[in-house]
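Colleague: Next up, data-v9.pdb (PDB, C-alpha atoms).
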```
ATOM      1  CA  MET T   1     -56.834  38.722 -62.130
ATOM      2  CA  LYS T   2     -57.575  35.435 -60.326
ATOM      3  CA  ASN T   3     -54.156  34.031 -61.239
ATOM      4  CA  ARG T   4     -52.432  37.182 -59.984
ATOM      5  CA  ILE T   5     -54.263  36.964 -56.661
ATOM      6  CA  ILE T   6     -53.202  33.319 -56.275
ATOM      7  CA  ALA T   7     -49.595  34.227 -57.138
ATOM      8  CA  ALA T   8     -49.606  37.078 -54.627
ATOM      9  CA  GLY T   9     -51.045  34.794 -51.966
ATOM     10  CA  LEU T  10     -48.347  32.190 -52.602
ATOM     11  CA  LEU T  11     -45.574  34.789 -52.409
ATOM     12  CA  ILE T  12     -46.987  36.145 -49.153
ATOM     13  CA  PHE T  13     -47.153  32.615 -47.740
ATOM     14  CA  ILE T  14     -43.538  31.927 -48.746
ATOM     15  CA  ALA T  15     -42.362  35.209 -47.237
ATOM     16  CA  SER T  16     -44.290  34.728 -44.007
ATOM     17  CA  THR T  17     -43.160  31.127 -43.432
ATOM     18  CA  SER T  18     -39.522  31.540 -44.468
ATOM     19  CA  ALA T  19     -38.573  33.235 -41.196
ATOM     20  CA  LEU T  20     -39.909  30.277 -39.195
ATOM     21  CA  PHE T  21     -38.223  27.716 -41.415
ATOM     22  CA  TYR T  22     -34.952  29.655 -41.199
ATOM     23  CA  VAL T  23     -35.054  29.609 -37.401
ATOM     24  CA  ILE T  24     -35.533  25.832 -37.516
ATOM     25  CA  ALA T  25     -32.645  25.583 -39.996
ATOM     26  CA  ILE T  26     -30.357  27.470 -37.612
ATOM     27  CA  LEU T  27     -31.320  25.133 -34.764
ATOM     28  CA  ILE T  28     -30.609  22.070 -36.929
ATOM     29  CA  TRP T  29     -27.274  23.576 -37.951
ATOM     30  CA  LEU T  30     -26.315  24.265 -34.334
ATOM     31  CA  CYS T  31     -27.238  20.723 -33.293
ATOM     32  CA  THR T  32     -25.509  18.886 -36.150
ATOM     33  CA  VAL T  33     -22.623  20.950 -37.538
ATOM     34  CA  TRP T  34     -20.037  19.411 -35.173
ATOM     35  CA  PHE T  35     -20.551  15.848 -36.390
ATOM     36  CA  ASP T  36     -22.367  16.309 -39.737
ATOM     37  CA  ARG T  37     -19.543  17.898 -41.691
ATOM     38  CA  ARG T  38     -21.375  17.704 -45.025
ATOM     39  CA  LEU T  39     -24.512  19.252 -43.468
ATOM     40  CA  VAL T  40     -26.664  16.402 -44.756
ATOM     41  CA  ALA T  41     -29.324  16.878 -42.075
ATOM     42  CA  LEU T  42     -29.610  20.570 -42.892
ATOM     43  CA  HIS T  43     -29.900  19.823 -46.601
ATOM     44  CA  PHE T  44     -32.681  17.302 -45.997
ATOM     45  CA  PHE T  45     -34.543  19.869 -43.921
ATOM     46  CA  THR T  46     -34.046  22.394 -46.735
ATOM     47  CA  SER T  47     -35.471  19.808 -49.139
ATOM     48  CA  PHE T  48     -38.507  19.493 -46.877
ATOM     49  CA  TRP T  49     -38.813  23.308 -46.664
ATOM     50  CA  ALA T  50     -38.806  23.599 -50.459
ATOM     51  CA  SER T  51     -41.196  20.686 -50.865
ATOM     52  CA  VAL T  52     -43.777  22.265 -48.543
ATOM     53  CA  TYR T  53     -44.418  25.004 -51.109
ATOM     54  CA  LEU T  54     -45.024  22.404 -53.811
ATOM     55  CA  TRP T  55     -47.171  20.162 -51.598
ATOM     56  CA  LEU T  56     -49.373  23.126 -50.671
ATOM     57  CA  THR T  57     -49.798  24.186 -54.308
ATOM     58  CA  PRO T  58     -51.912  21.317 -55.686
ATOM     59  CA  ALA T  59     -52.047  22.930 -59.124
ATOM     60  CA  TRP T  60     -48.356  21.990 -59.426
ATOM     61  CA  SER T  61     -48.386  18.208 -59.453
ATOM     62  CA  VAL T  62     -44.775  17.052 -59.183
ATOM     63  CA  SER T  63     -43.735  13.464 -59.858
ATOM     64  CA  THR T  64     -40.282  11.972 -59.344
ATOM     65  CA  LYS T  65     -38.748   9.061 -61.191
ATOM     66  CA  GLY T  66     -35.456   7.200 -60.937
ATOM     67  CA  ARG T  67     -34.535   8.218 -57.385
ATOM     68  CA  LYS T  68     -33.302   4.670 -56.722
ATOM     69  CA  LYS T  69     -30.577   5.273 -59.313
ATOM     70  CA  VAL T  70     -28.859   7.605 -56.849
ATOM     71  CA  LYS T  71     -26.368   5.376 -55.042
ATOM     72  CA  LYS T  72     -25.907   6.117 -51.362
ATOM     73  CA  GLY T  73     -22.482   7.503 -50.526
ATOM     74  CA  ARG T  74     -21.480   8.162 -54.131
ATOM     75  CA  ILE T  75     -20.246  11.631 -55.117
ATOM     76  CA  TYR T  76     -21.830  12.944 -58.326
ATOM     77  CA  MET T  77     -21.636  15.829 -60.691
ATOM     78  CA  VAL T  78     -25.383  16.365 -61.119
ATOM     79  CA  VAL T  79     -26.437  18.199 -64.284
ATOM     80  CA  SER T  80     -29.938  19.173 -65.355
ATOM     81  CA  ASN T  81     -31.842  21.167 -67.930
ATOM     82  CA  HIS T  82     -33.277  24.462 -66.678
ATOM     83  CA  GLN T  83     -36.727  25.799 -67.603
ATOM     84  CA  SER T  84     -38.065  27.800 -64.660
ATOM     85  CA  GLN T  85     -37.467  29.307 -61.233
ATOM     86  CA  LEU T  86     -39.473  26.324 -59.979
ATOM     87  CA  ASP T  87     -36.670  23.960 -60.981
ATOM     88  CA  ILE T  88     -34.837  24.540 -57.700
ATOM     89  CA  LEU T  89     -37.891  23.569 -55.637
ATOM     90  CA  VAL T  90     -38.523  20.609 -57.930
ATOM     91  CA  ALA T  91     -34.933  19.337 -57.629
ATOM     92  CA  PHE T  92     -35.174  19.382 -53.845
ATOM     93  CA  ARG T  93     -37.935  16.767 -54.218
ATOM     94  CA  LEU T  94     -35.197  14.228 -54.989
ATOM     95  CA  PHE T  95     -34.230  14.290 -51.302
ATOM     96  CA  PHE T  96     -30.583  13.387 -51.704
ATOM     97  CA  PRO T  97     -27.666  15.513 -50.482
ATOM     98  CA  PHE T  98     -25.870  17.868 -52.853
ATOM     99  CA  LYS T  99     -24.568  21.426 -52.971
ATOM    100  CA  TRP T 100     -26.113  23.895 -55.404
ATOM    101  CA  VAL T 101     -24.159  26.156 -57.707
ATOM    102  CA  SER T 102     -26.374  29.249 -57.849
ATOM    103  CA  LYS T 103     -26.122  32.884 -58.854
ATOM    104  CA  ALA T 104     -24.784  35.120 -56.100
ATOM    105  CA  GLU T 105     -27.869  37.375 -55.952
ATOM    106  CA  VAL T 106     -29.993  34.528 -54.579
ATOM    107  CA  PHE T 107     -27.778  34.271 -51.484
ATOM    108  CA  LYS T 108     -28.781  37.819 -50.509
ATOM    109  CA  LEU T 109     -32.486  36.991 -50.216
ATOM    110  CA  PRO T 110     -33.760  37.161 -46.623
ATOM    111  CA  PHE T 111     -34.087  33.754 -44.947
ATOM    112  CA  ILE T 112     -34.035  31.632 -48.132
ATOM    113  CA  GLY T 113     -30.715  33.071 -49.316
ATOM    114  CA  TRP T 114     -29.315  33.064 -45.785
ATOM    115  CA  ASN T 115     -30.198  29.387 -45.539
ATOM    116  CA  MET T 116     -28.237  28.768 -48.736
ATOM    117  CA  VAL T 117     -25.215  30.329 -47.039
ATOM    118  CA  LEU T 118     -25.846  28.144 -43.986
ATOM    119  CA  ASN T 119     -25.861  25.049 -46.256
ATOM    120  CA  ARG T 120     -22.566  26.118 -47.844
ATOM    121  CA  TYR T 121     -24.050  26.156 -51.314
ATOM    122  CA  ILE T 122     -21.771  27.673 -53.922
ATOM    123  CA  LYS T 123     -22.024  31.233 -55.278
ATOM    124  CA  LEU T 124     -21.452  32.322 -58.863
ATOM    125  CA  LYS T 125     -21.518  35.815 -60.378
ATOM    126  CA  ARG T 126     -22.321  35.316 -64.043
ATOM    127  CA  GLY T 127     -19.882  37.054 -66.383
ATOM    128  CA  ASP T 128     -17.316  37.602 -63.600
ATOM    129  CA  LYS T 129     -14.106  35.671 -64.350
ATOM    130  CA  GLU T 130     -12.827  35.914 -60.781
ATOM    131  CA  SER T 131     -16.124  34.566 -59.480
ATOM    132  CA  VAL T 132     -15.994  31.670 -61.944
ATOM    133  CA  THR T 133     -12.475  30.814 -60.787
ATOM    134  CA  GLN T 134     -13.577  30.951 -57.152
ATOM    135  CA  MET T 135     -16.673  28.876 -57.915
ATOM    136  CA  MET T 136     -14.554  26.151 -59.521
ATOM    137  CA  ALA T 137     -12.217  26.125 -56.515
ATOM    138  CA  ASP T 138     -15.189  25.937 -54.132
ATOM    139  CA  CYS T 139     -16.652  23.038 -56.120
ATOM    140  CA  GLU T 140     -13.366  21.135 -55.991
ATOM    141  CA  LYS T 141     -13.184  21.665 -52.240
ATOM    142  CA  THR T 142     -16.801  20.566 -51.809
ATOM    143  CA  ILE T 143     -16.308  17.410 -53.889
ATOM    144  CA  SER T 144     -13.081  16.530 -52.064
ATOM    145  CA  LYS T 145     -15.039  16.691 -48.791
ATOM    146  CA  GLY T 146     -17.551  14.137 -50.073
ATOM    147  CA  SER T 147     -20.485  16.182 -51.411
ATOM    148  CA  SER T 148     -22.142  16.022 -54.818
ATOM    149  CA  VAL T 149     -22.589  19.269 -56.741
ATOM    150  CA  TYR T 150     -25.665  20.253 -58.779
ATOM    151  CA  PHE T 151     -25.267  22.400 -61.919
ATOM    152  CA  PHE T 152     -27.635  23.862 -64.484
ATOM    153  CA  PRO T 153     -25.023  23.840 -67.273
ATOM    154  CA  GLU T 154     -27.167  25.942 -69.626
ATOM    155  CA  GLY T 155     -26.342  28.825 -67.292
ATOM    156  CA  THR T 156     -29.834  30.324 -67.532
ATOM    157  CA  ARG T 157     -33.443  29.259 -67.974
ATOM    158  CA  SER T 158     -34.771  28.380 -71.416
ATOM    159  CA  TYR T 159     -37.708  30.433 -72.739
ATOM    160  CA  THR T 160     -38.865  27.650 -75.009
ATOM    161  CA  GLY T 161     -37.840  24.510 -73.138
ATOM    162  CA  ILE T 162     -35.351  23.675 -75.883
ATOM    163  CA  VAL T 163     -32.087  22.893 -74.088
ATOM    164  CA  LYS T 164     -29.358  25.471 -74.674
ATOM    165  CA  GLU T 165     -25.729  24.586 -75.297
ATOM    166  CA  PHE T 166     -23.978  23.484 -72.113
ATOM    167  CA  LYS T 167     -21.263  25.540 -70.490
ATOM    168  CA  LEU T 168     -18.219  23.486 -69.641
ATOM    169  CA  GLY T 169     -17.593  24.086 -65.929
ATOM    170  CA  ALA T 170     -19.430  21.016 -64.621
ATOM    171  CA  PHE T 171     -17.678  18.738 -67.101
ATOM    172  CA  ILE T 172     -14.222  20.169 -66.401
ATOM    173  CA  LEU T 173     -14.826  19.379 -62.742
ATOM    174  CA  ALA T 174     -16.160  15.871 -63.426
ATOM    175  CA  GLN T 175     -13.065  15.014 -65.421
ATOM    176  CA  LYS T 176     -10.609  16.651 -63.048
ATOM    177  CA  MET T 177     -12.143  15.098 -59.913
ATOM    178  CA  LYS T 178     -12.835  11.771 -61.701
ATOM    179  CA  ILE T 179     -16.429  11.507 -60.510
ATOM    180  CA  PRO T 180     -19.509  10.143 -62.325
ATOM    181  CA  ILE T 181     -22.011  12.462 -63.975
ATOM    182  CA  LEU T 182     -25.674  12.111 -62.999
ATOM    183  CA  PRO T 183     -28.057  13.522 -65.656
ATOM    184  CA  VAL T 184     -31.413  14.819 -64.415
ATOM    185  CA  VAL T 185     -34.371  15.898 -66.570
ATOM    186  CA  ILE T 186     -37.104  18.355 -65.568
ATOM    187  CA  ASN T 187     -40.312  18.667 -67.607
ATOM    188  CA  GLY T 188     -43.372  20.881 -67.241
ATOM    189  CA  SER T 189     -41.953  23.655 -65.061
ATOM    190  CA  LYS T 190     -41.618  26.077 -67.977
ATOM    191  CA  ASN T 191     -45.368  26.364 -68.407
ATOM    192  CA  ALA T 192     -46.065  26.434 -64.670
ATOM    193  CA  LEU T 193     -43.761  29.404 -64.085
ATOM    194  CA  PRO T 194     -42.223  30.782 -67.305
ATOM    195  CA  LYS T 195     -38.989  32.753 -67.316
ATOM    196  CA  HIS T 196     -39.393  36.357 -66.067
ATOM    197  CA  SER T 197     -42.878  35.618 -64.698
ATOM    198  CA  LEU T 198     -44.121  35.476 -61.112
ATOM    199  CA  ASN T 199     -47.734  35.022 -62.156
ATOM    200  CA  PHE T 200     -49.753  31.870 -61.509
ATOM    201  CA  HIS T 201     -50.461  29.895 -64.695
ATOM    202  CA  GLY T 202     -52.998  27.286 -63.623
ATOM    203  CA  LYS T 203     -52.638  23.521 -63.299
ATOM    204  CA  HIS T 204     -49.513  21.825 -64.597
ATOM    205  CA  ARG T 205     -47.873  18.443 -64.302
ATOM    206  CA  ILE T 206     -44.187  18.699 -63.519
ATOM    207  CA  SER T 207     -41.764  15.799 -63.474
ATOM    208  CA  ILE T 208     -38.166  15.259 -62.489
ATOM    209  CA  GLU T 209     -36.337  12.134 -63.596
ATOM    210  CA  VAL T 210     -32.927  10.791 -62.618
ATOM    211  CA  LEU T 211     -31.274   9.073 -65.576
ATOM    212  CA  ASP T 212     -28.517   6.453 -65.491
ATOM    213  CA  GLU T 213     -25.219   7.765 -64.214
ATOM    214  CA  LEU T 214     -22.238   8.071 -66.522
ATOM    215  CA  PRO T 215     -19.228   6.464 -64.798
ATOM    216  CA  TYR T 216     -15.992   8.416 -65.072
ATOM    217  CA  GLU T 217     -14.562   5.678 -67.280
ATOM    218  CA  SER T 218     -17.254   6.348 -69.915
ATOM    219  CA  PHE T 219     -15.948   9.857 -70.611
ATOM    220  CA  ALA T 220     -12.364   9.724 -69.330
ATOM    221  CA  GLN T 221     -10.974   9.580 -72.875
ATOM    222  CA  LEU T 222     -13.279  12.306 -74.224
ATOM    223  CA  SER T 223     -12.538  16.004 -74.360
ATOM    224  CA  VAL T 224     -14.513  18.289 -72.058
ATOM    225  CA  GLU T 225     -16.485  19.550 -75.061
ATOM    226  CA  GLU T 226     -17.289  16.013 -76.198
ATOM    227  CA  THR T 227     -18.415  15.098 -72.691
ATOM    228  CA  ALA T 228     -20.719  18.133 -72.527
ATOM    229  CA  ARG T 229     -22.260  17.255 -75.903
ATOM    230  CA  LYS T 230     -22.687  13.615 -74.889
ATOM    231  CA  VAL T 231     -24.520  14.491 -71.666
ATOM    232  CA  ARG T 232     -26.671  17.132 -73.389
ATOM    233  CA  LYS T 233     -27.704  14.594 -76.014
ATOM    234  CA  ILE T 234     -28.749  12.138 -73.300
ATOM    235  CA  ILE T 235     -30.798  14.808 -71.514
ATOM    236  CA  ILE T 236     -32.577  16.226 -74.563
ATOM    237  CA  GLU T 237     -33.794  12.761 -75.521
ATOM    238  CA  HIS T 238     -36.015  12.977 -72.417
ATOM    239  CA  VAL T 239     -37.114  16.631 -72.646
ATOM    240  CA  ASP T 240     -40.692  17.083 -73.889
ATOM    241  CA  GLU T 241     -39.939  20.022 -76.185
ATOM    242  CA  HIS T 242     -37.254  18.033 -77.995
ATOM    243  CA  ARG T 243     -39.574  15.074 -78.400
ATOM    244  CA  LYS T 244     -41.986  17.367 -80.237
ATOM    245  CA  THR T 245     -39.235  18.940 -82.346
ATOM    246  CA  PRO T 246     -37.153  16.845 -84.782
ATOM    247  CA  LEU T 247     -33.469  16.986 -83.813
ATOM    248  CA  SER T 248     -31.179  18.893 -86.126
ATOM    249  CA  PRO T 249     -27.590  17.698 -86.624
ATOM    250  CA  LYS T 250     -26.462  20.544 -84.301
ATOM    251  CA  GLN T 251     -28.736  19.338 -81.521
TER     252      GLN T 251
END
```
Can the structure from this file be put into structure tokens for me?
Modeller:
Amino acid sequence: MKNRIIAAGLLIFIASTSALFYVIAILIWLCTVWFDRRLVALHFFTSFWASVYLWLTPAWSVSTKGRKKVKKGRIYMVVSNHQSQLDILVAFRLFFPFKWVSKAEVFKLPFIGWNMVLNRYIKLKRGDKESVTQMMADCEKTISKGSSVYFFPEGTRSYTGIVKEFKLGAFILAQKMKIPILPVVINGSKNALPKHSLNFHGKHRISIEVLDELPYESFAQLSVEETARKVRKIIIEHVDEHRKTPLSPKQ
């Protein structure tokens, strides 16, 4: 019961503060959109907005590692494992500009979803071929304008923390646009907020780590499938659940 009360309180706080943050986001957009074509200032404010909810939830202790590996001005295809709804908030703690690829339903949420539209993040309807085609076109346009793109290539959250097979969209784009891939690893979020749960689950340590980038030249001669497997292998070597579980040849 105590955990449910805490969860309800957090949701009420998020709902009640989102309207204020959204108003500030609109003001930042109005003041910067004419000269900040990539909406970097708005994204950094959105990162702050997301981080507030983590800072004010001390039971979720989030640490970041490897942020200095992100090179200023470089365009990346950012790919990460996906364990929890918290992963989006956690990734914002990196405080570097990128555009999310996220499911279309999220963009309909009051204030938070509207802010995603304002940021020009990229919509995707899962299972809809036309939406996938449009998403890929939007990503190409975004990259050509100088913004990195952040994918969860598993396509959905993992129940167990074991990393699912990667879908190929991010790697098709990386090869086509000839940009480096930046692997990111999230640990601990699964237990803090498991899939299909909005309940509070006590104290948890969560970490997000930026790994070494893969220059385009390191996968230019590989197939898209080989590139996806290579990046997945790099990521799972840093995921806690895989460290506890011996790797099978398939993994």
Colleague: Taking the file above as input, evaluate the PyMOL selection byres ((chain T and resi 220) around 12) and report the hits as a compact mmCIF listing (two decimals) with C-alpha atoms, keeping the file's coordinate frame.
Modeller:
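Wrote selection35.txt, looks like this:
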```txt
# COMPACT_ATOMS: atom_id res chain seq x y z
CA PHE T 171 -17.68 18.74 -67.10
CA ILE T 172 -14.22 20.17 -66.40
CA LEU T 173 -14.83 19.38 -62.74
CA ALA T 174 -16.16 15.87 -63.43
CA GLN T 175 -13.06 15.01 -65.42
CA LYS T 176 -10.61 16.65 -63.05
CA MET T 177 -12.14 15.10 -59.91
CA LYS T 178 -12.84 11.77 -61.70
CA ILE T 179 -16.43 11.51 -60.51
CA PRO T 180 -19.51 10.14 -62.32
CA ILE T 181 -22.01 12.46 -63.98
CA LEU T 214 -22.24 8.07 -66.52
CA PRO T 215 -19.23 6.46 -64.80
CA TYR T 216 -15.99 8.42 -65.07
CA GLU T 217 -14.56 5.68 -67.28
CA SER T 218 -17.25 6.35 -69.92
CA PHE T 219 -15.95 9.86 -70.61
CA GLN T 221 -10.97 9.58 -72.88
CA LEU T 222 -13.28 12.31 -74.22
CA SER T 223 -12.54 16.00 -74.36
CA VAL T 224 -14.51 18.29 -72.06
CA GLU T 226 -17.29 16.01 -76.20
CA THR T 227 -18.42 15.10 -72.69
```
Colleague: Within 12 Å of stretch 124-137 of chain T, counting all atoms listed in the file, which residues qualify if same-chain residues fewer than 6 places away don't, as a list in words?
Modeller: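 What passes the distance filter is Lys99, Trp100, Val101, Ser102, Lys103, Ala104, Glu105, Val106, Phe107, Ile143, Ser144, Val149, Phe151, Phe152, Glu154, Gly155, Thr156, Lys167, Leu168, Gly169, Ala170, Phe171, Ile172, Leu173, Ala174, Lys176 and Met177 of chain T.
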Colleague: Assuming the chain letters and numbering stay as they are in my file, what does the PyMOL selection byres ((chain T and resi 71) around 12) actually select? List them as a list of chain:residue names.
Modeller: T:Gly66, T:Arg67, T:Lys68, T:Lys69, T:Val70, T:Lys72, T:Gly73, T:Arg74, T:Ile75, T:Tyr76, T:Phe96, T:Pro97, T:Ser148, T:Pro180, T:Leu182, T:Val210, T:Asp212, T:Glu213
Colleague: When you count all atoms listed in the file, which of these residues is closest to T:Arg120: T:Val52, T:Val163, T:Ile186, T:Val40?
Modeller: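 So, comparing all the options, the nearest one is T:Val40.
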Colleague: Could you list, as a VMD selection string, every residue within 9 Å of T:Ala91, counting only C-alpha atoms and ignoring same-chain residues fewer than 2 positions away?
Modeller: chain T and resid 47 86 to 89 93 to 95 184 186 208
Colleague: In Å, rounded to a single decimal, give me how far atom CA of T:Leu42 is from atom CA of T:Ser147.
Modeller: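 Rounded to one decimal, the two atoms are 13.2 Å apart.
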Colleague: Find the distance between atom CA of T:Ser61 and atom CA of T:Ile122 and write it in Å to one decimal.
Modeller: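 We find that atom CA of T:Ser61 and atom CA of T:Ile122 lie 28.8 Å from each other.
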Colleague: List the spatial neighbours of T:Phe111 as a ChimeraX atom specification - criterion: any atom at most 9 Å away, all atoms listed in the file, same-chain residues fewer than 3 positions off excluded.
Modeller: /T:15,18-23,108,114-116
Colleague: What box, with edges along x, y and z, holds each listed atom of stretch 117-127 of chain T when 4 Å is added on every side, and can you state its centre and edge lengths in Å to one decimal, as JSON?
Modeller:
```
{"center_x": -22.9, "center_y": 31.1, "center_z": -55.2, "size_x": 14.0, "size_y": 20.0, "size_z": 30.4}
```
Colleague: Which of these residues is nearest to T:Ser207, using only C-alpha atoms: T:Leu118, T:Ile26, T:Val90, T:Leu193?
Modeller: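 Under the stated criterion, the closest residue is T:Val90.
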Colleague: Considering only C-alpha atoms, state which residue in the set T:Asn119, T:Thr17, T:Asn81, T:Ser63 is at the smallest distance from T:Ile206.
Modeller: T:Ser63
Colleague: Which is closer to T:Leu39 than all the others in T:Thr64, T:Gln83, T:Thr142, T:Ser16, using only C-alpha atoms?
Modeller: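 Distance minimum relative to T:Leu39 lands on T:Thr142.
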Colleague: Identify which of the residues T:His43, T:Lys145, T:His204, T:Lys164 lies closest to T:Asn187, counting only C-alpha atoms when measuring atom-to-atom distances.
Modeller: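 Among the listed residues, the smallest separation from T:Asn187 belongs to T:His204.
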Colleague: Between atom CA of T:Trp29 and atom CA of T:Phe98, what is the distance in Å, rounded to a tenth?
Modeller: 16.0 Å
Colleague: Compare T:Arg38, T:Gln85, T:Ile235, T:Ile112 by their minimum atom-to-atom distance to T:Ala25, counting all atoms listed in the file, and give me the closest one.
Modeller: T:Ile112
